[in-house]
$ cat final.pdb   # PDB, C-alpha atoms
ATOM      1  CA  MET A   1       4.084 -16.485 -10.322
ATOM      2  CA  ALA A   2       6.519 -17.660  -7.674
ATOM      3  CA  ASP A   3       5.804 -19.379  -4.344
ATOM      4  CA  THR A   4       8.475 -17.553  -2.366
ATOM      5  CA  THR A   5       8.582 -19.775   0.739
ATOM      6  CA  GLY A   6       7.237 -23.067  -0.587
ATOM      7  CA  ALA A   7       4.483 -22.974   2.025
ATOM      8  CA  GLY A   8       1.775 -22.045  -0.468
ATOM      9  CA  ASP A   9       0.808 -18.771   1.179
ATOM     10  CA  HIS A  10       3.544 -16.323   0.099
ATOM     11  CA  PHE A  11       3.490 -15.412  -3.577
ATOM     12  CA  ASP A  12       5.224 -13.092  -5.980
ATOM     13  CA  VAL A  13       2.953 -12.422  -8.958
ATOM     14  CA  ARG A  14       3.592 -10.569 -12.218
ATOM     15  CA  VAL A  15       0.534  -9.762 -14.313
ATOM     16  CA  THR A  16       0.471  -8.174 -17.757
ATOM     17  CA  ALA A  17      -3.021  -7.490 -19.073
ATOM     18  CA  PRO A  18      -4.642  -5.251 -21.686
ATOM     19  CA  ALA A  19      -7.298  -4.461 -19.043
ATOM     20  CA  PHE A  20      -4.636  -2.434 -17.165
ATOM     21  CA  ALA A  21      -4.157   0.061 -19.994
ATOM     22  CA  GLY A  22      -4.798   3.632 -18.926
ATOM     23  CA  LYS A  23      -5.335   2.629 -15.281
ATOM     24  CA  GLY A  24      -3.296   3.678 -12.263
ATOM     25  CA  LEU A  25      -1.428   1.132 -10.151
ATOM     26  CA  VAL A  26      -4.115   1.160  -7.429
ATOM     27  CA  GLU A  27      -6.808   0.284  -9.978
ATOM     28  CA  GLN A  28      -4.594  -2.379 -11.574
ATOM     29  CA  HIS A  29      -3.956  -4.073  -8.223
ATOM     30  CA  ARG A  30      -7.666  -3.844  -7.313
ATOM     31  CA  LEU A  31      -8.501  -5.788 -10.490
ATOM     32  CA  VAL A  32      -6.127  -8.570  -9.415
ATOM     33  CA  TYR A  33      -7.427  -8.633  -5.829
ATOM     34  CA  GLY A  34     -10.972  -8.757  -7.210
ATOM     35  CA  ALA A  35     -10.097 -11.688  -9.480
ATOM     36  CA  LEU A  36      -8.554 -13.556  -6.536
ATOM     37  CA  GLY A  37     -11.698 -13.004  -4.442
ATOM     38  CA  ASP A  38     -11.892 -15.323  -1.428
ATOM     39  CA  LEU A  39      -8.432 -16.733  -2.199
ATOM     40  CA  MET A  40      -7.013 -13.526  -0.670
ATOM     41  CA  ARG A  41      -8.088 -14.835   2.757
ATOM     42  CA  GLU A  42      -5.788 -17.838   2.412
ATOM     43  CA  VAL A  43      -2.829 -15.869   1.129
ATOM     44  CA  HIS A  44      -0.623 -14.425   3.841
ATOM     45  CA  ALA A  45       1.636 -12.361   1.608
ATOM     46  CA  LEU A  46       1.199 -11.360  -2.009
ATOM     47  CA  SER A  47       3.695  -9.266  -3.892
ATOM     48  CA  LEU A  48       2.084  -7.801  -7.030
ATOM     49  CA  HIS A  49       3.681  -6.306 -10.124
ATOM     50  CA  THR A  50       1.217  -5.226 -12.785
ATOM     51  CA  ARG A  51       1.548  -3.549 -16.154
ATOM     52  CA  ALA A  52      -0.297  -3.064 -19.400
ATOM     53  CA  PRO A  53       1.229  -4.813 -22.471
ATOM     54  CA  GLU A  54       2.628  -1.619 -24.012
ATOM     55  CA  GLU A  55       4.420  -0.538 -20.826
ATOM     56  CA  SER A  56       8.057  -1.397 -20.251
ATOM     57  CA  ALA A  57       8.776  -4.151 -17.713
ATOM     58  CA  PRO A  58       8.646  -3.021 -14.074
TER      59      PRO A  58
ATOM     60  CA  MET B   1     -19.646   6.378   8.854
ATOM     61  CA  SER B   2     -18.340   4.715  12.026
ATOM     62  CA  ASP B   3     -16.229   6.522  14.615
ATOM     63  CA  VAL B   4     -13.107   4.636  13.498
ATOM     64  CA  MET B   5     -13.719   5.556   9.862
ATOM     65  CA  GLN B   6     -14.093   9.204  10.869
ATOM     66  CA  GLU B   7     -10.867   8.988  12.841
ATOM     67  CA  ILE B   8      -9.079   7.607   9.765
ATOM     68  CA  GLU B   9     -10.464  10.366   7.590
ATOM     69  CA  GLN B  10      -9.275  12.942  10.110
ATOM     70  CA  GLU B  11      -5.799  11.346  10.276
ATOM     71  CA  VAL B  12      -5.237  11.231   6.523
ATOM     72  CA  ARG B  13      -6.439  14.810   6.094
ATOM     73  CA  ALA B  14      -4.431  16.242   8.984
ATOM     74  CA  ASN B  15      -1.110  14.669   7.975
ATOM     75  CA  PRO B  16       0.619  15.045   4.578
ATOM     76  CA  VAL B  17       1.998  11.487   4.703
ATOM     77  CA  VAL B  18       0.394   8.661   6.694
ATOM     78  CA  VAL B  19       1.226   4.953   6.761
ATOM     79  CA  TYR B  20      -1.042   2.351   8.353
ATOM     80  CA  MET B  21       1.321  -0.477   9.222
ATOM     81  CA  LYS B  22       1.943  -3.526  11.385
ATOM     82  CA  GLY B  23       4.251  -2.482  14.211
ATOM     83  CA  THR B  24       6.118   0.804  14.398
ATOM     84  CA  PRO B  25       8.796   2.353  12.141
ATOM     85  CA  ARG B  26      11.426   1.326  14.722
ATOM     86  CA  PHE B  27       9.951  -2.125  15.246
ATOM     87  CA  PRO B  28       7.975  -3.182  12.156
ATOM     88  CA  MET B  29       6.175  -6.510  12.623
ATOM     89  CA  CYS B  30       5.905  -7.432   8.933
ATOM     90  CA  GLY B  31       8.357  -7.399   6.039
ATOM     91  CA  PHE B  32       6.035  -5.353   3.812
ATOM     92  CA  SER B  33       5.551  -2.713   6.501
ATOM     93  CA  ALA B  34       9.322  -2.629   7.079
ATOM     94  CA  ALA B  35      10.052  -2.156   3.366
ATOM     95  CA  THR B  36       7.466   0.624   3.080
ATOM     96  CA  VAL B  37       8.867   2.530   6.061
ATOM     97  CA  GLU B  38      12.353   2.109   4.613
ATOM     98  CA  VAL B  39      11.312   3.840   1.367
ATOM     99  CA  LEU B  40       9.522   6.651   3.235
ATOM    100  CA  SER B  41      12.542   7.154   5.509
ATOM    101  CA  GLU B  42      14.833   7.311   2.483
ATOM    102  CA  ILE B  43      12.804  10.213   1.094
ATOM    103  CA  GLY B  44      13.433  11.967   4.391
ATOM    104  CA  VAL B  45      10.108  13.772   4.833
ATOM    105  CA  PRO B  46       8.421  13.216   8.226
ATOM    106  CA  PHE B  47       5.461  10.850   8.102
ATOM    107  CA  LYS B  48       2.831   9.699  10.561
ATOM    108  CA  ALA B  49       2.771   5.962  11.275
ATOM    109  CA  ILE B  50      -0.251   4.206  12.736
ATOM    110  CA  ASP B  51       0.198   0.720  14.189
ATOM    111  CA  VAL B  52      -2.927  -1.280  13.330
ATOM    112  CA  LEU B  53      -1.796  -4.143  15.572
ATOM    113  CA  ALA B  54      -2.240  -1.788  18.532
ATOM    114  CA  GLN B  55      -5.723  -0.787  17.262
ATOM    115  CA  PRO B  56      -7.493  -3.938  15.989
ATOM    116  CA  ASP B  57     -10.681  -2.092  15.005
ATOM    117  CA  LYS B  58      -8.615   0.189  12.794
ATOM    118  CA  ARG B  59      -7.013  -2.817  11.077
ATOM    119  CA  ASP B  60     -10.423  -3.746   9.647
ATOM    120  CA  ALA B  61     -11.639  -0.178   9.219
ATOM    121  CA  ILE B  62      -8.719   0.916   7.057
ATOM    122  CA  LYS B  63      -9.339  -1.984   4.660
ATOM    123  CA  ALA B  64     -12.979  -0.951   4.369
ATOM    124  CA  TYR B  65     -12.084   2.740   4.041
ATOM    125  CA  THR B  66      -9.879   2.133   0.992
ATOM    126  CA  ASN B  67     -11.478  -1.094  -0.289
ATOM    127  CA  TRP B  68      -7.960  -2.532  -0.225
ATOM    128  CA  PRO B  69      -7.254  -5.968   1.306
ATOM    129  CA  THR B  70      -3.726  -5.575   2.610
ATOM    130  CA  ILE B  71      -1.568  -3.591   5.036
ATOM    131  CA  PRO B  72       0.570  -1.428   4.865
ATOM    132  CA  GLN B  73      -1.394   1.389   3.243
ATOM    133  CA  VAL B  74       0.106   4.766   2.423
ATOM    134  CA  PHE B  75      -1.732   8.090   2.065
ATOM    135  CA  VAL B  76      -0.197  11.232   0.590
ATOM    136  CA  GLY B  77      -2.080  14.515   0.746
ATOM    137  CA  GLY B  78      -5.188  12.698   2.005
ATOM    138  CA  LYS B  79      -5.233  10.370  -1.002
ATOM    139  CA  PHE B  80      -4.643   6.604  -0.897
ATOM    140  CA  VAL B  81      -1.482   5.902  -2.897
ATOM    141  CA  GLY B  82      -1.036   2.160  -2.449
ATOM    142  CA  GLY B  83       0.617  -0.642  -0.538
ATOM    143  CA  CYS B  84       4.226  -1.803  -0.398
ATOM    144  CA  ASP B  85       4.589  -2.871  -4.047
ATOM    145  CA  ILE B  86       3.136   0.369  -5.407
ATOM    146  CA  ILE B  87       5.247   2.499  -3.058
ATOM    147  CA  ARG B  88       8.383   0.672  -4.168
ATOM    148  CA  GLU B  89       7.455   0.985  -7.835
ATOM    149  CA  LEU B  90       6.629   4.711  -7.604
ATOM    150  CA  HIS B  91       9.942   5.228  -5.806
ATOM    151  CA  ALA B  92      11.822   3.286  -8.512
ATOM    152  CA  ARG B  93      10.155   5.481 -11.161
ATOM    153  CA  GLY B  94      11.227   8.587  -9.248
ATOM    154  CA  GLU B  95       7.605   9.675  -8.765
ATOM    155  CA  LEU B  96       7.174   9.167  -5.028
ATOM    156  CA  ALA B  97       9.565  11.796  -3.630
ATOM    157  CA  PRO B  98       8.112  14.701  -5.693
ATOM    158  CA  MET B  99       4.563  13.628  -4.734
ATOM    159  CA  ILE B 100       5.468  13.534  -1.031
ATOM    160  CA  ARG B 101       7.413  16.799  -1.115
ATOM    161  CA  ALA B 102       4.532  18.568  -2.854
ATOM    162  CA  ALA B 103       2.023  17.301  -0.272
ATOM    163  CA  SER B 104       4.307  18.194   2.630
ATOM    164  CA  SER B 105       4.973  21.724   1.429
ATOM    165  CA  ASP B 106       1.257  22.408   0.944
ATOM    166  CA  SER B 107       0.507  21.879   4.620
TER     167      SER B 107
END

$ encode --input "final.pdb" --output "structure tokens"
Amino acid sequence: MADTTGAGDHFDVRVTAPAFAGKGLVEQHRLVYGALGDLMREVHALSLHTRAPEESAP
Amino acid sequence: MSDVMQEIEQEVRANPVVVYMKGTPRFPMCGFSAATVEVLSEIGVPFKAIDVLAQPDKRDAIKAYTNWPTIPQVFVGGKFVGGCDIIRELHARGELAPMIRAASSDS
């Protein structure tokens, strides 16, 4: 994860998780948004890159 | 379903490619919206852009419609495809242009 502006509200996040296997990108991102929950309200900008372990790097 | 939700449903069904964004394609008001429009423009198929900053009720309604917390949001063939990161990734994989061309030629 990278804080892209240093202000604590713009982040670039890479997530690799077995839970993503067999899921489309929309479902993968929804899992991350769901895990962040209320934190999403405080984040102004979130860049997400998700993949399952067996996929090649995005 | 609220009137705004119905309007969204009508918009995404009536247009092969729709982007809900902040600002307009000429004057995007957010870097993610700008990047998304850039990818869509590169593909070269006409798309409908809806400025949620000009329609505040739609800004909330679109998030509820898709259960997706961020804007921009792109629809192809009436189906929610994703936000900026997903659009960029599908484009990098070479999957976005065929999807958009197929949806556009169906209409």

$ resolve_selection --input "final.pdb" --expression "the PyMOL selection byres ((chain B and resi 25) around 8)" --output "count of residues only"
8

$ interface_residues --input "final.pdb" --of "chain A" --to "chain B" --cutoff "8 Å" --atoms "only C-alpha atoms" --output "PyMOL selection string"
chain A and resi 25-26+30+33+40+47-49+58

$ resolve_selection --input "final.pdb" --expression "the PyMOL selection byres ((chain B and resi 65) around 10)" --output "list in words"
Met1, Val4, Met5, Gln6, Ile8, Glu9, Lys58, Asp60, Ala61, Ile62, Lys63, Ala64, Thr66, Asn67, Trp68 and Phe80 of chain B

$ atom_distance --input "final.pdb" --atom1 "atom CA of A:Arg14" --atom2 "atom CA of A:His44"
17.0 Å

$ residues_around --input "final.pdb" --residues "B:Phe47" --least-positions-apart "3" --cutoff "12 Å" --atoms "all atoms listed in the file" --output "ChimeraX atom specification"
/B:11-12,14-20,24-25,36-44,50,74-77,100-101,103-104

$ closest_residue --input "final.pdb" --among "B:Ala35, B:Arg13, B:Val45, B:Glu95" --to "B:Lys79" --atoms "only C-alpha atoms"
B:Arg13

$ atom_distance --input "final.pdb" --atom1 "atom CA of A:Ala52" --atom2 "atom CA of A:Ala21"
5.0 Å

$ build_atoms --input "final.pdb" --residues "stretch 30-41 of chain B" --atoms "N, CA and C atoms" --output "mmCIF file, keeping the file's coordinate frame"
data_model
loop_
_atom_site.group_PDB
_atom_site.id
_atom_site.type_symbol
_atom_site.label_atom_id
_atom_site.label_comp_id
_atom_site.auth_asym_id
_atom_site.auth_seq_id
_atom_site.Cartn_x
_atom_site.Cartn_y
_atom_site.Cartn_z
ATOM 1 N N CYS B 30 6.209 -6.770 10.198
ATOM 2 C CA CYS B 30 5.905 -7.432 8.933
ATOM 3 C C CYS B 30 6.888 -6.905 7.895
ATOM 4 N N GLY B 31 7.357 -7.785 7.027
ATOM 5 C CA GLY B 31 8.357 -7.399 6.039
ATOM 6 C C GLY B 31 7.881 -6.323 5.082
ATOM 7 N N PHE B 32 6.569 -6.357 4.735
ATOM 8 C CA PHE B 32 6.035 -5.353 3.812
ATOM 9 C C PHE B 32 5.969 -3.985 4.482
ATOM 10 N N SER B 33 5.572 -3.975 5.755
ATOM 11 C CA SER B 33 5.551 -2.713 6.501
ATOM 12 C C SER B 33 6.973 -2.165 6.643
ATOM 13 N N ALA B 34 7.929 -3.049 6.921
ATOM 14 C CA ALA B 34 9.322 -2.629 7.079
ATOM 15 C C ALA B 34 9.850 -2.006 5.791
ATOM 16 N N ALA B 35 9.559 -2.651 4.653
ATOM 17 C CA ALA B 35 10.052 -2.156 3.366
ATOM 18 C C ALA B 35 9.434 -0.804 3.022
ATOM 19 N N THR B 36 8.160 -0.631 3.368
ATOM 20 C CA THR B 36 7.466 0.624 3.080
ATOM 21 C C THR B 36 8.065 1.768 3.893
ATOM 22 N N VAL B 37 8.274 1.521 5.184
ATOM 23 C CA VAL B 37 8.867 2.530 6.061
ATOM 24 C C VAL B 37 10.283 2.884 5.603
ATOM 25 N N GLU B 38 10.995 1.878 5.095
ATOM 26 C CA GLU B 38 12.353 2.109 4.613
ATOM 27 C C GLU B 38 12.355 3.106 3.446
ATOM 28 N N VAL B 39 11.407 2.925 2.512
ATOM 29 C CA VAL B 39 11.312 3.840 1.367
ATOM 30 C C VAL B 39 10.950 5.245 1.848
ATOM 31 N N LEU B 40 9.953 5.336 2.741
ATOM 32 C CA LEU B 40 9.522 6.651 3.235
ATOM 33 C C LEU B 40 10.667 7.342 3.980
ATOM 34 N N SER B 41 11.429 6.577 4.756
ATOM 35 C CA SER B 41 12.542 7.154 5.509
ATOM 36 C C SER B 41 13.621 7.658 4.564
#
